[in-house]
Amino acid sequence: MRVDNRLVHGQILEAWIPFLDASCIVVADDQVASDFFRETVIRMAVPSEVKVLISGVAEFAENNAFRRGRGPSTIVLFSTVSAAWTAYRLGFRFDKLNIGNIYNEECRLCCTQSVQLNEGDINDIISLRKEGVQIEFRRVPKEKPIDLFEIVRNMGS
């Protein structure tokens with residue numbers, strides 16, 4: 001499970017797919033699901049051997065159950081933390097969420113060079129954390145994961 005406002009791009013195609021040996025990408029995004037052009041561009045960018053599924057967040061959450069070790073290795077992409085939280089609230093349960101890239105003009109907390117959170121993002125992350133979801137910041141697999149709550153603890157020191 002990954003939040004990345006760019007959805008499918010070089011980091012996903014060149015780093016995450018090989019690292020996870022993924023054969024499927026799910027884009028759970030309301031805007032892409034309702035935009036034929038954006039959906040087509042995403043499908044064209046992904047190698048033909050990788051299956052691409054695109055749906056709105058609610059539709060995805062209601063029709064899918066995450067079971068580790070079942071089915072093909074899949075990367076689920078959300079464009080916002082809010083979308084990930086919505087999917088979780090609607091029944092799509094997961095235990096770990098990778099946050100790779102979030103650009104936000106209303107930045108309240110700059111966690112890394114590629115992750116800028118607004119108030120809503122922070123509240124949604126706290127809600128996910130209360131549900132037991134581990135949150136990590138990491139653009140690519142070779143980077144060391146960063147825990148948001150370590151950042152906050154260190155800010156207080």
# chains A, B, ... in the order shown; residues from 1 in each chain; ligands from 1

$ residues_around --residues "Pro72 in chain A" --least-positions-apart "3" --cutoff "8 Å" --atoms "only C-alpha atoms" --output "PyMOL selection string"
chain A and resi 22-24

$ atom_distance --atom1 "CA of Ala33 in chain A" --atom2 "CA of Ser55 in chain A"
5.0 Å

$ select_by_dssp --residues "range 46-80 of chain A" --states "strand (DSSP E or B)" --output "list in words"
Lys51, Val52, Leu53, Ile54, Ser55, Thr74, Ile75, Val76, Leu77 and Phe78 of chain A

$ residues_around --residues "Gln134 in chain A" --least-positions-apart "2" --cutoff "7 Å" --atoms "only C-alpha atoms" --output "short mmCIF file (atom, residue, chain, number, x, y, z; two decimals) with N, CA and C atoms, in the first residue's frame"
data_model
loop_
_atom_site.label_atom_id
_atom_site.label_comp_id
_atom_site.auth_asym_id
_atom_site.auth_seq_id
_atom_site.Cartn_x
_atom_site.Cartn_y
_atom_site.Cartn_z
N ASP A 95 -1.89 -3.53 7.04
CA ASP A 95 -1.13 -3.30 8.27
C ASP A 95 0.05 -2.36 8.10
N LYS A 96 0.35 -2.00 6.85
CA LYS A 96 1.50 -1.14 6.60
C LYS A 96 1.18 -0.22 5.43
N LEU A 97 1.60 1.06 5.56
CA LEU A 97 1.38 2.03 4.49
C LEU A 97 2.68 2.76 4.22
N ARG A 129 -2.74 5.10 12.33
CA ARG A 129 -1.83 4.60 13.36
C ARG A 129 -2.61 4.03 14.55
N GLY A 132 -3.55 0.64 14.17
CA GLY A 132 -2.45 -0.32 14.16
C GLY A 132 -1.66 -0.37 12.86
N GLU A 136 5.31 4.35 7.06
CA GLU A 136 6.71 4.62 6.76
C GLU A 136 6.82 5.59 5.60
#

$ residues_around --residues "Ile135 in chain A" --least-positions-apart "2" --cutoff "7 Å" --atoms "only C-alpha atoms" --output "ChimeraX atom specification"
/A:96-98,133,137,147-148

$ closest_atom_pairs --of "range 24-81 of chain A" --to "range 5-9 of chain A" --cutoff "7 Å" --atoms "only C-alpha atoms" --output "JSON lines"
{"residue": "A:Ile42", "atom": "CA", "partner": "A:Val8", "partner_atom": "CA", "distance": 6.5}
{"residue": "A:Leu77", "atom": "CA", "partner": "A:Leu7", "partner_atom": "CA", "distance": 6.1}
{"residue": "A:Phe78", "atom": "CA", "partner": "A:Leu7", "partner_atom": "CA", "distance": 6.9}
{"residue": "A:Ser79", "atom": "CA", "partner": "A:Asn5", "partner_atom": "CA", "distance": 4.1}
{"residue": "A:Thr80", "atom": "CA", "partner": "A:Asn5", "partner_atom": "CA", "distance": 6.2}

$ write_last_selection --atoms "N, CA and C atoms" --output "compact mmCIF listing (two decimals), in the first residue's frame"
# COMPACT_ATOMS: atom_id res chain seq x y z
N ILE A 42 -1.79 6.07 -17.89
CA ILE A 42 -1.24 5.15 -16.89
C ILE A 42 -1.08 3.76 -17.49
N LEU A 77 -1.90 1.73 -5.10
CA LEU A 77 -1.51 3.14 -5.07
C LEU A 77 -2.71 4.04 -4.79
N PHE A 78 -2.54 4.91 -3.81
CA PHE A 78 -3.49 5.97 -3.50
C PHE A 78 -2.78 7.29 -3.76
N SER A 79 -3.49 8.31 -4.22
CA SER A 79 -2.84 9.60 -4.47
C SER A 79 -2.80 10.47 -3.22
N THR A 80 -3.61 10.13 -2.21
CA THR A 80 -3.65 10.93 -0.98
C THR A 80 -3.75 10.02 0.24

$ atom_distance --atom1 "CA of Glu39 in chain A" --atom2 "CA of Asn101 in chain A"
19.7 Å

$ closest_residue --among "A:Val50, A:Ile102, A:Val115, A:Ala83" --to "Ala28 in chain A" --atoms "only C-alpha atoms"
A:Ala83

$ atom_distance --atom1 "CA of Lys51 in chain A" --atom2 "CA of Thr74 in chain A"
9.1 Å

$ select_by_dssp --residues "range 29-126 of chain A" --states "helix (DSSP H, G or I)" --output "ChimeraX atom specification"
/A:30-33,36-45,57-63,81-89,119-126

$ residues_around --residues "Thr40 in chain A" --least-positions-apart "4" --cutoff "12 Å" --atoms "only C-alpha atoms" --output "list in words"
Val8, Val32, Ala33, Ser34, Asp35, Phe36, Met44, Ala45, Val46, Val52, Leu53 and Ile54 of chain A

$ write_last_selection --atoms "C-alpha atoms" --output "PDB file, in the first residue's frame"
ATOM      1  CA  VAL A   8       2.457   5.576 -11.575  1.00  0.00           C
ATOM      2  CA  VAL A  32      -8.239   8.753 -12.517  1.00  0.00           C
ATOM      3  CA  ALA A  33     -11.161   6.316 -12.499  1.00  0.00           C
ATOM      4  CA  SER A  34     -13.380   9.001 -14.021  1.00  0.00           C
ATOM      5  CA  ASP A  35     -10.828  10.344 -16.524  1.00  0.00           C
ATOM      6  CA  PHE A  36     -10.377   8.161 -19.618  1.00  0.00           C
ATOM      7  CA  MET A  44       0.409   2.915 -21.540  1.00  0.00           C
ATOM      8  CA  ALA A  45       3.214   3.644 -19.032  1.00  0.00           C
ATOM      9  CA  VAL A  46       3.070   0.238 -17.338  1.00  0.00           C
ATOM     10  CA  VAL A  52      -3.263  -2.635 -14.189  1.00  0.00           C
ATOM     11  CA  LEU A  53      -6.544  -2.194 -12.343  1.00  0.00           C
ATOM     12  CA  ILE A  54      -8.068   1.255 -11.887  1.00  0.00           C
TER      13      ILE A  54
END

$ residues_around --residues "Asp124 in chain A" --least-positions-apart "5" --cutoff "10 Å" --atoms "only C-alpha atoms" --output "MDAnalysis selection string"
chainID A and resid 80:86 119 129:130

$ closest_residue --among "A:Gln31, A:Met1, A:Tyr88, A:Ala15" --to "Glu131 in chain A" --atoms "only C-alpha atoms"
A:Tyr88

$ decode --residues "range 50-97 of chain A" --atoms "N, CA and C atoms" --output "compact mmCIF listing (two decimals), in the first residue's frame"
# COMPACT_ATOMS: atom_id res chain seq x y z
N VAL A 50 2.66 -6.43 -16.60
CA VAL A 50 2.10 -6.02 -15.31
C VAL A 50 0.64 -5.63 -15.53
N LYS A 51 -0.24 -6.32 -14.82
CA LYS A 51 -1.67 -6.04 -14.90
C LYS A 51 -1.97 -4.71 -14.20
N VAL A 52 -2.87 -3.92 -14.77
CA VAL A 52 -3.26 -2.63 -14.19
C VAL A 52 -4.76 -2.64 -13.94
N LEU A 53 -5.14 -2.34 -12.70
CA LEU A 53 -6.54 -2.19 -12.34
C LEU A 53 -6.74 -0.77 -11.83
N ILE A 54 -7.79 -0.12 -12.29
CA ILE A 54 -8.07 1.26 -11.89
C ILE A 54 -9.52 1.34 -11.45
N SER A 55 -9.72 1.90 -10.26
CA SER A 55 -11.09 2.09 -9.79
C SER A 55 -11.13 3.24 -8.80
N GLY A 56 -12.34 3.69 -8.50
CA GLY A 56 -12.52 4.69 -7.46
C GLY A 56 -12.20 4.07 -6.11
N VAL A 57 -11.94 4.90 -5.12
CA VAL A 57 -11.53 4.42 -3.80
C VAL A 57 -12.61 3.57 -3.15
N ALA A 58 -13.84 4.07 -3.09
CA ALA A 58 -14.92 3.32 -2.43
C ALA A 58 -15.19 2.00 -3.13
N GLU A 59 -15.24 2.04 -4.45
CA GLU A 59 -15.47 0.81 -5.23
C GLU A 59 -14.36 -0.20 -4.94
N PHE A 60 -13.13 0.26 -4.93
CA PHE A 60 -12.00 -0.62 -4.65
C PHE A 60 -12.12 -1.24 -3.25
N ALA A 61 -12.36 -0.39 -2.25
CA ALA A 61 -12.41 -0.87 -0.86
C ALA A 61 -13.53 -1.87 -0.64
N GLU A 62 -14.66 -1.63 -1.24
CA GLU A 62 -15.81 -2.50 -1.04
C GLU A 62 -15.68 -3.83 -1.77
N ASN A 63 -14.86 -3.87 -2.80
CA ASN A 63 -14.76 -5.09 -3.61
C ASN A 63 -13.47 -5.87 -3.42
N ASN A 64 -12.61 -5.42 -2.52
CA ASN A 64 -11.32 -6.10 -2.34
C ASN A 64 -11.03 -6.31 -0.87
N ALA A 65 -10.44 -7.44 -0.61
CA ALA A 65 -9.95 -7.73 0.75
C ALA A 65 -8.46 -8.03 0.62
N PHE A 66 -7.68 -7.44 1.49
CA PHE A 66 -6.22 -7.66 1.44
C PHE A 66 -5.90 -8.88 2.28
N ARG A 67 -5.26 -9.84 1.65
CA ARG A 67 -4.79 -11.03 2.35
C ARG A 67 -3.36 -11.28 1.93
N ARG A 68 -2.44 -11.05 2.85
CA ARG A 68 -1.03 -11.24 2.55
C ARG A 68 -0.80 -12.69 2.11
N GLY A 69 -0.04 -12.82 1.02
CA GLY A 69 0.29 -14.15 0.54
C GLY A 69 -0.73 -14.76 -0.40
N ARG A 70 -1.80 -14.05 -0.69
CA ARG A 70 -2.83 -14.57 -1.60
C ARG A 70 -2.80 -13.78 -2.90
N GLY A 71 -2.83 -14.47 -4.01
CA GLY A 71 -2.88 -13.80 -5.30
C GLY A 71 -1.54 -13.25 -5.73
N PRO A 72 -1.54 -12.53 -6.85
CA PRO A 72 -0.28 -11.98 -7.36
C PRO A 72 0.25 -10.86 -6.47
N SER A 73 1.55 -10.67 -6.50
CA SER A 73 2.17 -9.56 -5.77
C SER A 73 1.67 -8.26 -6.39
N THR A 74 1.05 -7.42 -5.57
CA THR A 74 0.34 -6.24 -6.06
C THR A 74 0.77 -4.99 -5.32
N ILE A 75 0.92 -3.90 -6.05
CA ILE A 75 1.15 -2.58 -5.48
C ILE A 75 -0.18 -1.82 -5.55
N VAL A 76 -0.68 -1.38 -4.41
CA VAL A 76 -1.91 -0.58 -4.37
C VAL A 76 -1.49 0.87 -4.18
N LEU A 77 -1.90 1.73 -5.10
CA LEU A 77 -1.51 3.14 -5.07
C LEU A 77 -2.71 4.04 -4.79
N PHE A 78 -2.54 4.91 -3.81
CA PHE A 78 -3.49 5.97 -3.50
C PHE A 78 -2.78 7.29 -3.76
N SER A 79 -3.49 8.31 -4.22
CA SER A 79 -2.84 9.60 -4.47
C SER A 79 -2.80 10.47 -3.22
N THR A 80 -3.61 10.13 -2.21
CA THR A 80 -3.65 10.93 -0.98
C THR A 80 -3.75 10.02 0.24
N VAL A 81 -3.34 10.54 1.38
CA VAL A 81 -3.51 9.82 2.63
C VAL A 81 -5.00 9.67 2.92
N SER A 82 -5.77 10.68 2.59
CA SER A 82 -7.22 10.63 2.79
C SER A 82 -7.84 9.45 2.06
N ALA A 83 -7.39 9.18 0.84
CA ALA A 83 -7.92 8.05 0.07
C ALA A 83 -7.56 6.73 0.74
N ALA A 84 -6.34 6.61 1.26
CA ALA A 84 -5.94 5.39 1.96
C ALA A 84 -6.79 5.20 3.21
N TRP A 85 -7.01 6.26 3.97
CA TRP A 85 -7.83 6.21 5.18
C TRP A 85 -9.27 5.86 4.83
N THR A 86 -9.80 6.44 3.76
CA THR A 86 -11.16 6.13 3.31
C THR A 86 -11.28 4.65 2.98
N ALA A 87 -10.33 4.12 2.22
CA ALA A 87 -10.36 2.69 1.86
C ALA A 87 -10.34 1.84 3.13
N TYR A 88 -9.50 2.22 4.09
CA TYR A 88 -9.41 1.46 5.35
C TYR A 88 -10.75 1.51 6.09
N ARG A 89 -11.33 2.70 6.21
CA ARG A 89 -12.61 2.84 6.91
C ARG A 89 -13.72 2.04 6.24
N LEU A 90 -13.63 1.90 4.91
CA LEU A 90 -14.66 1.17 4.16
C LEU A 90 -14.42 -0.34 4.12
N GLY A 91 -13.38 -0.79 4.82
CA GLY A 91 -13.19 -2.23 4.94
C GLY A 91 -11.96 -2.82 4.30
N PHE A 92 -11.20 -2.04 3.57
CA PHE A 92 -9.96 -2.56 2.98
C PHE A 92 -8.86 -2.44 4.03
N ARG A 93 -8.58 -3.51 4.72
CA ARG A 93 -7.64 -3.50 5.83
C ARG A 93 -6.22 -3.82 5.37
N PHE A 94 -5.28 -3.09 5.91
CA PHE A 94 -3.86 -3.32 5.64
C PHE A 94 -3.10 -2.97 6.90
N ASP A 95 -1.89 -3.53 7.04
CA ASP A 95 -1.13 -3.30 8.27
C ASP A 95 0.05 -2.36 8.10
N LYS A 96 0.35 -2.00 6.85
CA LYS A 96 1.50 -1.14 6.60
C LYS A 96 1.18 -0.22 5.43
N LEU A 97 1.60 1.06 5.56
CA LEU A 97 1.38 2.03 4.49
C LEU A 97 2.68 2.76 4.22
